[in-house]
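Everything on this sheet refers to the single structure shown next.
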Amino acid sequence: MPAQQVFLSHNSVDKPVVRAIAESLQQRGVRVWLDEWELRPGTPWQVALEEGIEASSATAVFVGPSGLGPWEQTEMRAALDLQVQRKRPVIPIALPGMPRDVPLPLFLRANTWVSFRTADDSDALDRLYWGITGTKPRRLIGPRRRAGATAEELAGDPVDSAVASLVEHLQSGTVTYFVGPATEQSRLDMPPDNDEIARAIFEDLALWQLDSTQITPPVDLISTCYAARSGDRRLEDRVRELVINRSYIIPNTHRLLARLLKSLQRRARSRTRRLDTPLIVTTNFDMLIERALLAEGVPFSRVVQQRSHDEVLVNVYDKFTALPDRKIQISEGGRPRTLNLDDLEEVEVWLAGTGAVRMPARDVSFARLVEPILYKHHGSHDVDQSCVISTDHYLGFIHRAARPGFVPTDVESLVENSPAALFLGYNPLDPDFRLLYHVLLSERLLGSRTFRYAPLSSEWNRDIASYRQVERRLWADFKEATQQQMGITILDATPEHFMSRLVEASENAMEACDEQRA
């Protein structure tokens with residue numbers, strides 16, 4: 001079999017852009033099977049297609065504005081069979097203009113996607129090359145600094161400087177992690193963003209047809225309209241349905257965070273301080289963080305804020321064993337059982353019921369919980385009627401948050417006393433972040449010496465929804481205001497790239513400490 005040959009399965013209407021991508025792959029040394037280059041006139045083309053798929057070490061399935069072509073469906077299913085039988089990757093490719101709601105087979109959606117904004121999208125080509133060859137291009141790995149680099153050398157790169165600062169805090173204390181939706185979005189195998197949810201809910205209301213150029217109503221406003229017609233419970237069920245259908249893949253940022261927390265468990269702990277308890281704060285409703293921690297074998301506790309009253313739900317997950325292939329072994333009634341973390345319905349039931357205790361928020365004591373602590377500030381899909389979605393939910397949440405005891409005191413103390421805060425996947429202009437900031441952060445961070453970093457690539461606004469165009473045009477002003485008013489340094493790096501650098505630096509620092517003690 002020719003080494004590193006990829007079969008390009010595509011709809012004929014997408015031929016020009018697929019041809020351009022094929023030429024770029026050839027320039028990188030990849031052998032490409034493209035029908036117009038391989039089908040000899042006068043020979044049976046169906047047989048040639050079969051031979052092309054059979055002879056290729058990977059298959060790329062391109063999906064454009066018109067969806068999958070008739071023969072592409074057959075090619076894709078043959079490739080998926082080879083993926084199961086011979087471990088040959090099938091790489092779904094989103095071409096420019098692909099509809100978000102295009103119907104696709106579940107097994108194709110479950111694979112990690114590559115999204116092209118243009119035919120010459122270099123980042124997408126890097127990811128596609130990685131998927132075909134198994135070799136990660138240097139640009140995706142990011143620059144590595146030589147061992148023993150001085151503080152002056154590190155200070156020249158804001159990302160390196162932030163990593164060095166966080167590693168220093170992790171050696172003696174802790175960092176509070178704030179995990180937002182952008183760690184999961186921008187790919188079709190990840191949960192939908194607010195604009196997609198708003199469009200789906202708007203279509204459910206069947207008021208009139210929205211085209212792609214029209215501004216979508218904000219998700220909280222259209223959710224209020226939906227709840228007025230169908231009720232809060234149906235609204236929450238609908239949003240849960242939209243999110244859970246695209247929550248099979250655990251984002252790499254979540255995996256890296258879980259890996260970091262696991263490695264820090266072997267760090268020497270202070271016997272006199274409780275302020276070094278690792279805390280993860282999220283406004284995400286989904287179960288991706290929980291699944292990442294479980295898959296990595298990290299015991300943890302979870303505190304779920306309720307939107308409508310002062311009680312919280314507390315779960316402790318410490319009686320499980322991580323197994324390969326995203327499975328864990330749990331005990332039910334004294335009998336061991338294997339739980340597949342990709343079975344989302346079963347995981348949802350288990351998460352909601354395991355070690356579950358409802359209590360007033362003011363009574364929560366982290367000293368009695370297993371750490372790290374995951375605090376779900378806006379609710380969780382597996383906890384009935386807890387999620388903050390509509391405008392009414394937001395206003396009610398703010399009203400209740402003004403009362404003492406609504407947010408657990410230990411959460412407030414950790415946020416206020418944490419030496420460093422890392423914001424992953426938050427755009428400071430997102431409504432969820434603004435609510436989190438004003439309810440939990442603004443007063444507690446005011447005047448504090450907490451170091452605050454938010455890795456957010458300068459490319460974040462290349463493909464944003466139409467209703468965010470004002471932010472895009474004024475981004476430089478917003479970025480400066482975020483630094484001045486909130487004290488948050490925005491770093492030009494994706495959350496995944498930043499976490500990869502942080503995990504590597506932290507593990508290297510701990511290895512150096514182990515060698516010194518030895």
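Quick note on naming: the chains in the structure tokens go A, B, ... in the order shown, residues restart at 1 in each chain, and ligands are numbered from 1 in order of appearance.
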Env of stretch 161-177 of chain A: 7 Å cut, atoms = only C-alpha atoms, seq-sep filter 4 positions within chain, self excluded. Answer as a list in words.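 My list of contacting residues is Leu154, Ala155, Asp157, Asp276, Thr277, Pro278, Leu279, Ile280, Val281, Val415, Ser418, Pro419, Ala420, Ala421, Leu422, Phe423, Leu502, Ala505 and Ser506 of chain A.
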For the selection just defined, write its residues with N, CA and C atoms to a file, as a compact mmCIF listing (two decimals), in the first residue's frame.
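Final output, saved to out-v4.txt:
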```
# COMPACT_ATOMS: atom_id res chain seq x y z
N LEU A 154 12.06 34.99 28.94
CA LEU A 154 10.64 34.65 28.94
C LEU A 154 9.78 35.89 28.87
N ALA A 155 10.23 36.97 29.46
CA ALA A 155 9.43 38.19 29.49
C ALA A 155 9.19 38.75 28.11
N ASP A 157 8.03 37.22 25.58
CA ASP A 157 6.83 36.61 25.02
C ASP A 157 5.76 36.62 26.10
N ASP A 276 -5.51 26.60 49.13
CA ASP A 276 -4.88 26.05 47.94
C ASP A 276 -5.73 24.94 47.33
N THR A 277 -7.02 24.89 47.67
CA THR A 277 -7.94 23.94 47.05
C THR A 277 -8.14 24.29 45.58
N PRO A 278 -7.88 23.38 44.66
CA PRO A 278 -8.11 23.68 43.24
C PRO A 278 -9.60 23.88 42.96
N LEU A 279 -9.93 24.96 42.28
CA LEU A 279 -11.32 25.29 41.98
C LEU A 279 -11.47 25.54 40.48
N ILE A 280 -12.46 24.88 39.89
CA ILE A 280 -12.84 25.12 38.49
C ILE A 280 -14.22 25.74 38.51
N VAL A 281 -14.35 26.91 37.91
CA VAL A 281 -15.65 27.59 37.80
C VAL A 281 -16.06 27.57 36.33
N VAL A 415 -12.01 32.44 45.34
CA VAL A 415 -11.88 33.41 44.25
C VAL A 415 -11.15 34.66 44.75
N SER A 418 -7.32 33.62 45.70
CA SER A 418 -6.48 32.90 44.74
C SER A 418 -5.39 33.81 44.20
N PRO A 419 -4.14 33.36 44.17
CA PRO A 419 -3.06 34.21 43.66
C PRO A 419 -3.09 34.39 42.15
N ALA A 420 -3.81 33.51 41.45
CA ALA A 420 -3.85 33.62 39.99
C ALA A 420 -5.16 33.04 39.48
N ALA A 421 -5.64 33.60 38.39
CA ALA A 421 -6.87 33.14 37.74
C ALA A 421 -6.60 32.95 36.26
N LEU A 422 -7.08 31.84 35.71
CA LEU A 422 -6.90 31.54 34.30
C LEU A 422 -8.27 31.37 33.65
N PHE A 423 -8.57 32.22 32.67
CA PHE A 423 -9.86 32.19 31.98
C PHE A 423 -9.67 31.48 30.64
N LEU A 502 1.31 25.14 29.31
CA LEU A 502 1.27 25.17 30.77
C LEU A 502 1.48 23.78 31.36
N ALA A 505 5.18 22.80 30.97
CA ALA A 505 6.05 23.56 31.87
C ALA A 505 5.86 23.12 33.32
N SER A 506 4.62 22.87 33.72
CA SER A 506 4.35 22.45 35.09
C SER A 506 4.95 21.07 35.37
```
For A:Asn11, please output as a ChimeraX atom specification all residues within 12 Å (counting only C-alpha atoms; exclusion window: fewer than 6 positions along the same chain). /A:17-19,34-35,60-76,93,95
List the neighbours of stretch 254-269 of chain A out to 10 Å using only C-alpha atoms; skip same-chain residues closer than 4 positions along the sequence, and give me the result as number ranges by chain. A: 170-174, 177, 179, 183-184, 250, 273-274, 276-278, 280, 288-299, 371-372, 424, 495-504, 506-507, 510, 513-514
Resulting file, chosen residues, C-alpha atoms, as a PDB file, in the first residue's frame:
```pdb
ATOM      1  CA  LEU A 170       1.161  26.106  41.065  1.00  0.00           C
ATOM      2  CA  GLN A 171       4.312  25.002  42.885  1.00  0.00           C
ATOM      3  CA  SER A 172       3.333  26.678  46.155  1.00  0.00           C
ATOM      4  CA  GLY A 173      -0.383  27.368  45.924  1.00  0.00           C
ATOM      5  CA  THR A 174      -3.008  27.059  43.268  1.00  0.00           C
ATOM      6  CA  TYR A 177      -9.687  28.044  36.521  1.00  0.00           C
ATOM      7  CA  VAL A 179     -13.835  27.468  31.831  1.00  0.00           C
ATOM      8  CA  THR A 183     -13.084  25.844  24.669  1.00  0.00           C
ATOM      9  CA  GLU A 184     -15.743  23.696  22.986  1.00  0.00           C
ATOM     10  CA  ILE A 250     -14.124  15.768  24.951  1.00  0.00           C
ATOM     11  CA  ARG A 273      -3.945  26.435  54.475  1.00  0.00           C
ATOM     12  CA  ARG A 274      -7.229  25.522  52.836  1.00  0.00           C
ATOM     13  CA  ASP A 276      -4.885  26.052  47.942  1.00  0.00           C
ATOM     14  CA  THR A 277      -7.937  23.937  47.054  1.00  0.00           C
ATOM     15  CA  PRO A 278      -8.108  23.683  43.235  1.00  0.00           C
ATOM     16  CA  ILE A 280     -12.838  25.119  38.492  1.00  0.00           C
ATOM     17  CA  LEU A 288     -17.651  17.670  29.230  1.00  0.00           C
ATOM     18  CA  ILE A 289     -15.519  18.808  32.179  1.00  0.00           C
ATOM     19  CA  GLU A 290     -16.904  16.014  34.356  1.00  0.00           C
ATOM     20  CA  ARG A 291     -16.173  13.435  31.649  1.00  0.00           C
ATOM     21  CA  ALA A 292     -12.629  14.772  31.163  1.00  0.00           C
ATOM     22  CA  LEU A 293     -11.848  14.457  34.882  1.00  0.00           C
ATOM     23  CA  LEU A 294     -13.362  10.965  35.080  1.00  0.00           C
ATOM     24  CA  ALA A 295     -11.492   9.774  31.971  1.00  0.00           C
ATOM     25  CA  GLU A 296      -8.208  11.006  33.475  1.00  0.00           C
ATOM     26  CA  GLY A 297      -8.971   9.248  36.773  1.00  0.00           C
ATOM     27  CA  VAL A 298      -9.244  12.448  38.839  1.00  0.00           C
ATOM     28  CA  PRO A 299     -11.605  12.165  41.851  1.00  0.00           C
ATOM     29  CA  GLU A 371     -10.847  18.155  45.632  1.00  0.00           C
ATOM     30  CA  PRO A 372     -10.614  19.580  43.037  1.00  0.00           C
ATOM     31  CA  LEU A 424     -10.163  29.499  29.314  1.00  0.00           C
ATOM     32  CA  PRO A 495      -6.874  27.904  25.078  1.00  0.00           C
ATOM     33  CA  GLU A 496      -5.672  24.510  23.829  1.00  0.00           C
ATOM     34  CA  HIS A 497      -2.239  25.804  22.813  1.00  0.00           C
ATOM     35  CA  PHE A 498      -1.838  27.711  26.074  1.00  0.00           C
ATOM     36  CA  MET A 499      -2.851  24.714  28.201  1.00  0.00           C
ATOM     37  CA  SER A 500      -0.438  22.488  26.294  1.00  0.00           C
ATOM     38  CA  ARG A 501       2.398  24.888  27.140  1.00  0.00           C
ATOM     39  CA  LEU A 502       1.266  25.173  30.770  1.00  0.00           C
ATOM     40  CA  VAL A 503       0.991  21.411  31.302  1.00  0.00           C
ATOM     41  CA  GLU A 504       4.426  20.796  29.800  1.00  0.00           C
ATOM     42  CA  SER A 506       4.347  22.446  35.090  1.00  0.00           C
ATOM     43  CA  GLU A 507       5.339  18.801  34.639  1.00  0.00           C
ATOM     44  CA  MET A 510       7.736  19.107  39.174  1.00  0.00           C
ATOM     45  CA  CYS A 513      11.773  19.425  42.104  1.00  0.00           C
ATOM     46  CA  ASP A 514      11.680  15.622  42.378  1.00  0.00           C
TER      47      ASP A 514
END
```
Point out the residue among A:Val357, A:Leu369, A:Val219, A:Val303 with the least atom-to-atom distance to A:Asp430, counting only C-alpha atoms. A:Val219
Distance query A:Pro92 at most 12 Å, only C-alpha atoms, self and fewer than 6 positions along chain excluded, as a short mmCIF file (atom, residue, chain, number, x, y, z; two decimals) with N, CA and C atoms, in the first residue's frame:
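Output file out_14.cif follows:
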```cif
data_model
loop_
_atom_site.label_atom_id
_atom_site.label_comp_id
_atom_site.auth_asym_id
_atom_site.auth_seq_id
_atom_site.Cartn_x
_atom_site.Cartn_y
_atom_site.Cartn_z
N PHE A 7 -7.67 9.22 0.40
CA PHE A 7 -8.76 9.20 -0.57
C PHE A 7 -9.66 10.40 -0.28
N LEU A 8 -9.92 11.22 -1.31
CA LEU A 8 -10.73 12.43 -1.13
C LEU A 8 -12.15 12.15 -1.61
N SER A 9 -13.06 11.97 -0.65
CA SER A 9 -14.47 11.72 -0.95
C SER A 9 -15.21 13.05 -0.89
N HIS A 10 -15.94 13.39 -1.98
CA HIS A 10 -16.53 14.73 -2.04
C HIS A 10 -17.73 14.75 -2.97
N ALA A 58 -5.94 6.67 4.68
CA ALA A 58 -6.92 7.53 5.34
C ALA A 58 -7.92 8.00 4.28
N THR A 59 -9.09 8.41 4.75
CA THR A 59 -10.11 8.97 3.86
C THR A 59 -10.56 10.31 4.42
N ALA A 60 -10.62 11.32 3.56
CA ALA A 60 -11.15 12.63 3.94
C ALA A 60 -12.52 12.78 3.30
N VAL A 61 -13.53 13.06 4.13
CA VAL A 61 -14.91 13.21 3.65
C VAL A 61 -15.26 14.69 3.69
N PHE A 62 -15.41 15.31 2.52
CA PHE A 62 -15.67 16.74 2.43
C PHE A 62 -17.18 17.00 2.43
N VAL A 63 -17.60 17.98 3.24
CA VAL A 63 -19.01 18.35 3.32
C VAL A 63 -19.11 19.85 3.06
N GLY A 64 -19.77 20.22 1.97
CA GLY A 64 -19.91 21.61 1.59
C GLY A 64 -21.33 22.11 1.71
N GLY A 67 -24.08 19.53 1.12
CA GLY A 67 -24.06 18.29 1.88
C GLY A 67 -23.31 17.19 1.15
N LEU A 68 -23.59 15.93 1.53
CA LEU A 68 -22.92 14.79 0.93
C LEU A 68 -23.53 14.45 -0.42
N GLU A 72 -20.81 9.84 -2.53
CA GLU A 72 -20.02 10.14 -1.33
C GLU A 72 -20.55 9.37 -0.13
N MET A 76 -18.18 7.01 2.03
CA MET A 76 -18.01 7.28 3.45
C MET A 76 -18.26 6.02 4.28
N ALA A 79 -15.43 3.63 4.00
CA ALA A 79 -14.28 4.12 4.77
C ALA A 79 -14.49 3.89 6.26
N LEU A 80 -15.72 4.10 6.75
CA LEU A 80 -15.99 3.88 8.17
C LEU A 80 -15.82 2.41 8.54
N MET A 98 -20.71 25.31 4.65
CA MET A 98 -21.44 24.13 5.09
C MET A 98 -22.48 24.51 6.13
N LEU A 104 -25.99 14.45 8.99
CA LEU A 104 -24.81 13.61 8.80
C LEU A 104 -24.92 12.38 9.68
N PRO A 105 -24.35 11.26 9.27
CA PRO A 105 -24.38 10.05 10.08
C PRO A 105 -23.69 10.27 11.43
N LEU A 106 -24.21 9.63 12.46
CA LEU A 106 -23.67 9.79 13.81
C LEU A 106 -22.20 9.40 13.87
N PHE A 107 -21.82 8.30 13.19
CA PHE A 107 -20.45 7.83 13.29
C PHE A 107 -19.47 8.79 12.62
N LEU A 108 -19.93 9.52 11.62
CA LEU A 108 -19.06 10.53 11.02
C LEU A 108 -18.93 11.73 11.94
N ARG A 109 -20.03 12.16 12.54
CA ARG A 109 -19.99 13.30 13.47
C ARG A 109 -19.08 13.03 14.65
N ALA A 110 -18.99 11.76 15.05
CA ALA A 110 -18.20 11.42 16.24
C ALA A 110 -16.71 11.59 16.03
N ASN A 111 -16.25 11.63 14.77
CA ASN A 111 -14.82 11.84 14.51
C ASN A 111 -14.47 13.32 14.60
N THR A 112 -13.22 13.60 14.91
CA THR A 112 -12.76 14.98 15.04
C THR A 112 -12.71 15.66 13.67
N TRP A 113 -13.33 16.84 13.59
CA TRP A 113 -13.48 17.55 12.32
C TRP A 113 -12.28 18.45 12.03
N VAL A 114 -12.16 18.78 10.74
CA VAL A 114 -11.27 19.85 10.27
C VAL A 114 -12.15 20.84 9.51
N SER A 115 -12.10 22.11 9.90
CA SER A 115 -12.95 23.13 9.29
C SER A 115 -12.10 24.08 8.45
N PHE A 116 -12.43 24.20 7.17
CA PHE A 116 -11.75 25.13 6.26
C PHE A 116 -12.59 26.39 6.12
N ALA A 124 -6.09 24.80 8.86
CA ALA A 124 -6.87 23.61 8.55
C ALA A 124 -6.03 22.59 7.79
N ARG A 127 -3.95 20.70 10.25
CA ARG A 127 -4.73 19.69 10.98
C ARG A 127 -5.04 18.49 10.08
N LEU A 128 -5.36 18.75 8.81
CA LEU A 128 -5.64 17.66 7.88
C LEU A 128 -4.39 16.80 7.66
N GLY A 131 -4.01 14.59 10.60
CA GLY A 131 -4.95 13.47 10.58
C GLY A 131 -4.55 12.38 9.61
N ILE A 132 -3.99 12.76 8.47
CA ILE A 132 -3.61 11.79 7.44
C ILE A 132 -2.35 11.03 7.84
N ARG A 187 -16.15 24.09 16.22
CA ARG A 187 -16.05 22.85 15.47
C ARG A 187 -17.40 22.17 15.50
N LEU A 188 -17.69 21.43 14.43
CA LEU A 188 -19.02 20.86 14.29
C LEU A 188 -19.25 19.65 15.17
N ASP A 189 -18.19 19.12 15.80
CA ASP A 189 -18.38 18.02 16.72
C ASP A 189 -18.40 18.50 18.16
#
```
Determine which residues of stretch 325-365 of chain A DSSP labels as helix (DSSP H, G or I) from the backbone of this structure, then write them out as a CSV table (one decimal) with N, CA and C atoms, in the first residue's frame.
```
chain,number,residue,atom,x,y,z
A,344,LEU,N,-23.9,9.1,26.8
A,344,LEU,CA,-24.2,10.4,27.5
A,344,LEU,C,-25.5,10.3,28.3
A,345,GLU,N,-26.5,9.6,27.9
A,345,GLU,CA,-27.7,9.4,28.7
A,345,GLU,C,-27.4,8.8,30.0
A,346,GLU,N,-26.6,7.7,30.0
A,346,GLU,CA,-26.3,6.9,31.2
A,346,GLU,C,-25.4,7.8,32.1
A,347,VAL,N,-24.4,8.5,31.5
A,347,VAL,CA,-23.5,9.3,32.3
A,347,VAL,C,-24.3,10.4,33.0
A,348,GLU,N,-25.3,11.0,32.3
A,348,GLU,CA,-26.1,12.1,32.9
A,348,GLU,C,-26.8,11.6,34.1
A,349,VAL,N,-27.4,10.4,34.0
A,349,VAL,CA,-28.1,9.9,35.2
A,349,VAL,C,-27.2,9.6,36.3
A,350,TRP,N,-26.0,9.0,36.0
A,350,TRP,CA,-25.0,8.7,37.1
A,350,TRP,C,-24.5,9.9,37.7
A,351,LEU,N,-24.2,10.9,37.0
A,351,LEU,CA,-23.6,12.2,37.5
A,351,LEU,C,-24.6,12.8,38.5
A,352,ALA,N,-25.9,12.9,38.1
A,352,ALA,CA,-26.9,13.5,38.9
A,352,ALA,C,-27.1,12.8,40.2
A,353,GLY,N,-27.0,11.5,40.2
A,353,GLY,CA,-27.4,10.8,41.4
A,353,GLY,C,-26.3,10.4,42.3
A,361,ALA,N,-26.6,26.8,50.2
A,361,ALA,CA,-25.3,27.2,49.7
A,361,ALA,C,-24.4,27.6,50.8
A,362,ARG,N,-24.9,28.3,51.8
A,362,ARG,CA,-24.1,28.8,52.9
A,362,ARG,C,-23.5,27.7,53.8
A,363,ASP,N,-24.1,26.4,53.7
A,363,ASP,CA,-23.6,25.3,54.5
A,363,ASP,C,-22.6,24.5,53.8
```
Residue with smallest distance to A:Asp382 - pool A:Ser230, A:Gln329, A:Gln306, A:Asn417, counting only C-alpha atoms: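 Counting only C-alpha atoms, the residue closest to A:Asp382 is A:Gln306.
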Quick one: of A:Cys225, A:Val30, A:Ile389, A:Leu440, who's nearest to A:Ser413, counting only C-alpha atoms?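 Counting only C-alpha atoms, the residue closest to A:Ser413 is A:Leu440.
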Hey, which of A:Ala119, A:Ala402, A:Leu341, A:Leu429 ends up closest to A:Asp310? Count only C-alpha atoms.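 Checking each of A:Ala119, A:Ala402, A:Leu341, A:Leu429 against A:Asp310, counting only C-alpha atoms, the winner is A:Ala402.
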Can you tell me which residues surround A:Leu441 at a distance of at most 12 Å, considering only C-alpha atoms, apart from same-chain residues fewer than 3 positions away, and format the answer as number ranges by chain? A: 176, 178, 281, 377, 407, 411-418, 421, 433-438, 444-448, 450, 452, 486-488
List the spatial neighbours of stretch 231-248 of chain A as an MDAnalysis selection string - criterion: any atom at most 6 Å away, only C-alpha atoms, same-chain residues fewer than 2 positions off excluded. chainID A and resid 189:191 227:228
Written selection (N, CA and C atoms) as a compact mmCIF listing (two decimals), in the first residue's frame:
```
# COMPACT_ATOMS: atom_id res chain seq x y z
N ASP A 189 -18.19 19.12 15.80
CA ASP A 189 -18.38 18.02 16.72
C ASP A 189 -18.40 18.50 18.16
N MET A 190 -18.51 19.81 18.36
CA MET A 190 -18.56 20.41 19.68
C MET A 190 -19.90 21.11 19.88
N PRO A 191 -20.29 21.38 21.13
CA PRO A 191 -21.59 21.99 21.38
C PRO A 191 -21.80 23.29 20.60
N ALA A 227 -40.01 30.24 26.17
CA ALA A 227 -40.56 29.84 27.47
C ALA A 227 -41.98 30.36 27.66
N ALA A 228 -42.27 31.55 27.13
CA ALA A 228 -43.63 32.09 27.24
C ALA A 228 -44.63 31.20 26.51
```
Could you give me, as number ranges by chain, each residue of stretch 393-517 of chain A that DSSP assigns to strand (DSSP E or B) when run on this structure's backbone? A: 420-424, 451-455, 489-491
A:Tyr129 surroundings by only C-alpha atoms, 12 Å radius, close-in-sequence under 4 positions cut, as a PyMOL selection string: chain A and resi 4-6+21-22+24-32+58-60+89+91+114+122-125+133-140
Go ahead and save the residues from that selection, with C-alpha atoms, as a short mmCIF file (atom, residue, chain, number, x, y, z; two decimals), in the first residue's frame.
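Result file follows (part.cif):
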```cif
data_model
loop_
_atom_site.label_atom_id
_atom_site.label_comp_id
_atom_site.auth_asym_id
_atom_site.auth_seq_id
_atom_site.Cartn_x
_atom_site.Cartn_y
_atom_site.Cartn_z
CA GLN A 4 0.29 8.15 3.46
CA GLN A 5 -2.20 8.12 0.59
CA VAL A 6 -5.52 9.82 1.30
CA ILE A 21 -6.86 21.36 -1.14
CA ALA A 22 -5.57 18.26 -2.97
CA SER A 24 -1.82 21.80 -1.29
CA LEU A 25 -1.56 18.30 0.20
CA GLN A 26 0.61 17.16 -2.70
CA GLN A 27 2.95 20.09 -2.06
CA ARG A 28 3.34 18.75 1.51
CA GLY A 29 4.33 15.32 0.22
CA VAL A 30 0.99 13.53 0.70
CA ARG A 31 -0.18 11.16 -2.04
CA VAL A 32 -3.75 12.03 -2.99
CA ALA A 58 -6.92 7.53 5.34
CA THR A 59 -10.11 8.97 3.86
CA ALA A 60 -11.15 12.63 3.94
CA PRO A 89 -8.78 7.34 10.03
CA ILE A 91 -11.50 12.70 8.60
CA VAL A 114 -11.27 19.85 10.27
CA SER A 122 -3.13 26.95 6.44
CA ASP A 123 -4.28 26.01 9.96
CA ALA A 124 -6.87 23.61 8.55
CA LEU A 125 -4.29 22.14 6.16
CA THR A 133 -0.01 11.17 8.48
CA GLY A 134 -0.20 11.04 12.27
CA THR A 135 2.59 13.63 12.40
CA LYS A 136 1.72 16.92 14.08
CA PRO A 137 3.13 19.92 12.15
CA ARG A 138 5.48 22.11 14.15
CA ARG A 139 3.13 25.11 13.87
CA LEU A 140 0.43 23.22 15.78
#
```
Point out the residue among A:Pro218, A:Pro181, A:Pro158, A:Gly405 with the least atom-to-atom distance to A:Tyr453, counting only C-alpha atoms.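 Residue with the minimum atom-to-atom distance to A:Tyr453: A:Pro158.
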Expressed in Å to a single decimal, how great is the separation between atom CA of A:Gln46 and atom CA of A:Pro99?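 Going from atom CA of A:Gln46 over to atom CA of A:Pro99, I get 28.9 Å.
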